[in-house]
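This report refers to the structure that appears directly beneath it.
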Amino acid sequence: MNILVVDDDDLALEMLRHTLVRAGYQVETAANGREALAILRQGRARLVISDWEMPEMSGLELCRSIREGSFDGYIYVILLTSHSEPDEIVAGMSAGADDFIGKPFHAAELLVRIRAGARVLALETREMVIFALARLAESRDPETGHHLERVQSYSRVLAQRLAVMPEMSAEIDPELIRLIFLTSPLHDIGKVGIPDAVLRKPGRLNAAEFEIMKTHTTLGAETLDAALVRFPEARFLHVARNIAAAHHERWDGSGYPLGLAGEQIPLCARVVALADVYDALTTRRCYKEAYSHLVARSIIETDSGKHFDPRVVAAFLAAEEEFLAIQRRFSDRHEAPSFPPSGWSSSAGIQTHAVVTAG
Ligand SMILES: [Fe+2]
Ligand SMILES: [Fe+2]
């Protein structure tokens, strides 16, 4: 990892550089804020250790310029300071500093604070990589728009509602809610392995094509299993894997790929299943118009205990306003919720539903 050290004092700069190089870091140096910004614009570092007091541009001003600028990803800033009064700390944080180190610095403290910063940067990188992978899978899929963002937000709302249900609270904690939000965009990652003739076919799939489409669940799970072999402790990979594998399973055991039923289906997948179907129902697809919220709700209610976990349906019914707000926030053009389709009845809805969930 590259670290940018900014100090107008040559001796202090050299001491910092020496400490960091000995700890195995690559170090860039700048004698003032302007030089520092030039280095950051070139993407040569994402963690900055800057002196607070410098002529021309102080550490505080450098922080502000970093937060106002647009860089490739987050820049983590540690200010070196002899200012440790609370109001000075507040000023530093308000300017956008992430952390402080007192002067003169202790090498061991400096290094643990750098590691804390590196963890923050790694989290952000992880989230960007996850979304980039999801986008890649989606880029081949014609039915997109803001599907990923909506499914992600619907899933979070459902998980939050479940977490406050007394019978569910043991199964779902804030970390799981966060991980469902983080990894739900990967639910269809296996679609990268589906041939174009099936994935991009305009209109309904025939039985043979549908069998091929179904394999996006196992393909996605296999991809994430391969990552799990290398990072078995990564809880987000487990959640992502379970969502990809089981988001088309149904509560009554009639889903795919394994025909799991009830609580055999991981909770995260039961949540994403409803979010994904709700979005498919309320947006236009090549084989159907967008249904209104009321039609979608009625279909989902009818399928409580069949397709969906009844408690996830209860969470949905408790969160209708939030669903509508998410729909408005991430609406795709031309997708104003419309009509009950002509001849629509509950069973017709489920027929559509079965095809809708093919993806
Ligand atoms: Fe989806
Ligand atoms: Fe899917």
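Numbering starts fresh at 1 for the residues of each chain in the structure tokens, the chains themselves are lettered A, B, ... in the order given, and ligands are numbered from 1 as they appear.
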Counting only C-alpha atoms and all ligand atoms, which residues of chain A fall within 9 Å of ligand 1, and what is the closest atom pair for each with its distance in Å at one decimal, ordered by chain and rising number, as a tab-separated table?
```
residue	atom	partner	partner_atom_place_in_ligand_line	distance
A:Glu138	CA	ligand 1	1 (Fe)	9.0
A:Glu143	CA	ligand 1	1 (Fe)	8.7
A:Thr144	CA	ligand 1	1 (Fe)	8.5
A:His147	CA	ligand 1	1 (Fe)	6.8
A:Leu148	CA	ligand 1	1 (Fe)	7.1
A:Val151	CA	ligand 1	1 (Fe)	7.3
A:Pro185	CA	ligand 1	1 (Fe)	8.0
A:Leu186	CA	ligand 1	1 (Fe)	8.8
A:His187	CA	ligand 1	1 (Fe)	6.5
A:Asp188	CA	ligand 1	1 (Fe)	5.8
A:His247	CA	ligand 1	1 (Fe)	8.9
A:Val272	CA	ligand 1	1 (Fe)	8.7
A:Ala273	CA	ligand 1	1 (Fe)	8.6
A:Ala275	CA	ligand 1	1 (Fe)	8.6
A:Asp276	CA	ligand 1	1 (Fe)	5.1
A:Val277	CA	ligand 1	1 (Fe)	7.7
A:Asp279	CA	ligand 1	1 (Fe)	7.9
A:Ala280	CA	ligand 1	1 (Fe)	7.5
A:Thr357	CA	ligand 1	1 (Fe)	8.2
A:Gly359	CA	ligand 1	1 (Fe)	6.4
```
**Shell of 8 Å around segment 172-178 of chain A, only C-alpha atoms, local chain residues under 5 positions omitted, as an MDAnalysis selection string** = chainID A and resid 156 159:160 162:163
**Prompt:** Looking only at the backbone, which of the residues in segment 57-164 of chain A does DSSP tag as helix (DSSP H, G or I), as a VMD selection string?
**Reply:** chain A and resid 59 to 68 86 to 95 107 to 139 147 to 163
**Contacts of Glu53 of chain A within 9 Å, only C-alpha atoms, excl. fewer than 6 positions in-chain, as a VMD selection string** = chain A and resid 7 to 8 59 to 60 80 to 81
**Request:** Could you give me the residues within segment 56-213 of chain A that DSSP places in strand (DSSP E or B), as a list in words?
**Result:** Tyr76, Val77, Ile78, Leu79, Leu80, Thr81, Asp99, Phe100, Ile101 and Gly102 of chain A
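Using only C-alpha atoms, the shortest contact distance between Ile243 of chain A and any of A:Ala207, A:Val192, A:Ala170, A:Leu267 is found at A:Leu267.
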**Item:** Spatial neighbours of Glu124 of chain A, max dist 8 Å, only C-alpha atoms, sep filter under 4 positions, as an NGL selection string
**Value:** :A and (73-74 or 120 or 128)
**Message:** Give me the residues near segment 13-24 of chain A as a count of residues only, where near means some atom within 12 Å (using only C-alpha atoms) and where sequence neighbours in that chain fewer than 4 positions away do not count.
**Reply:** 31
**Item:** Surrounding residues of Glu149 of chain A excluding itself and chain neighbours under 2 positions, 10 Å, only C-alpha atoms, as a PyMOL selection string
**Value:** chain A and resi 131+145-147+151-155+181+184-185+326-327+329-330
Output the selection as a PDB file, in the first residue's frame - C-alpha atoms for each residue.
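Wrote out-v2.pdb, looks like this:
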```pdb
ATOM      1  CA  PHE A 131     -21.103  -4.026  -7.024  1.00  0.00           C
ATOM      2  CA  GLY A 145     -32.458  -0.479 -15.135  1.00  0.00           C
ATOM      3  CA  HIS A 146     -32.074   0.052 -11.422  1.00  0.00           C
ATOM      4  CA  HIS A 147     -33.029  -3.537 -10.585  1.00  0.00           C
ATOM      5  CA  VAL A 151     -33.593  -5.296  -4.847  1.00  0.00           C
ATOM      6  CA  GLN A 152     -30.812  -4.219  -2.501  1.00  0.00           C
ATOM      7  CA  SER A 153     -32.993  -1.611  -0.800  1.00  0.00           C
ATOM      8  CA  TYR A 154     -36.131  -3.791  -0.662  1.00  0.00           C
ATOM      9  CA  SER A 155     -34.060  -6.579   0.884  1.00  0.00           C
ATOM     10  CA  PHE A 181     -27.781  -5.257   1.647  1.00  0.00           C
ATOM     11  CA  SER A 184     -28.002  -9.033  -2.598  1.00  0.00           C
ATOM     12  CA  PRO A 185     -26.862  -7.427  -5.904  1.00  0.00           C
ATOM     13  CA  ILE A 326     -37.723   2.929  -2.998  1.00  0.00           C
ATOM     14  CA  GLN A 327     -39.677   2.444  -6.212  1.00  0.00           C
ATOM     15  CA  ARG A 329     -36.293   6.772  -5.760  1.00  0.00           C
ATOM     16  CA  PHE A 330     -34.913   4.224  -8.250  1.00  0.00           C
TER      17      PHE A 330
END
```
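The smallest atom-to-atom distance between Arg235 of chain A and any of A:Ile300, A:Leu260, A:Ala36, A:Leu182, using only C-alpha atoms, is found for A:Leu182.
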Contacts of Ala296 of chain A within 7 Å, only C-alpha atoms, excl. fewer than 6 positions in-chain, as a PDB file with N, CA and C atoms, in the first residue's frame:
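Full text of selection-v2.pdb as output:
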```
ATOM      1  N   TYR A 278     -40.969  -9.002  -6.240  1.00  0.00           N
ATOM      2  CA  TYR A 278     -41.708  -7.734  -6.203  1.00  0.00           C
ATOM      3  C   TYR A 278     -41.190  -6.809  -7.301  1.00  0.00           C
ATOM      4  N   LEU A 281     -42.323  -7.945 -10.699  1.00  0.00           N
ATOM      5  CA  LEU A 281     -43.738  -7.666 -10.927  1.00  0.00           C
ATOM      6  C   LEU A 281     -43.983  -6.192 -11.230  1.00  0.00           C
ATOM      7  N   THR A 282     -43.300  -5.317 -10.550  1.00  0.00           N
ATOM      8  CA  THR A 282     -43.634  -3.896 -10.650  1.00  0.00           C
ATOM      9  C   THR A 282     -42.820  -3.159 -11.711  1.00  0.00           C
TER      10      THR A 282
END
```
**Prompt:** Of the candidates A:Met165, A:Leu37, A:Val77, A:Leu274, which one gets nearest to ligand 2 if we count only C-alpha atoms and all ligand atoms?
**Reply:**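 So, comparing all the options, the nearest one is A:Leu274.
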**Item:** Counting only C-alpha atoms, the option among A:Glu167, A:Asp141, A:Glu301, A:Glu249 closest to Lys201 of chain A
**Value:**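 Nearest to Lys201 of chain A: A:Asp141.
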**Request:** Mind giving me the straight-line distance from atom CA of Gly33 of chain A to atom CA of Ser58 of chain A in Å, one decimal?
**Result:**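 Atom CA of Ser58 of chain A lies 7.0 Å from atom CA of Gly33 of chain A.
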**Asked** Which one is closest to ligand 2: A:Arg328, A:Ala261, A:Arg200, A:Gly190? Count only C-alpha atoms and all ligand atoms.
**Response** A:Gly190
**Asked** Pick from A:Leu121, A:Val157, A:Met213, A:Ala132: nearest to Leu317 of chain A, with only C-alpha atoms counted?
**Response** A:Val157
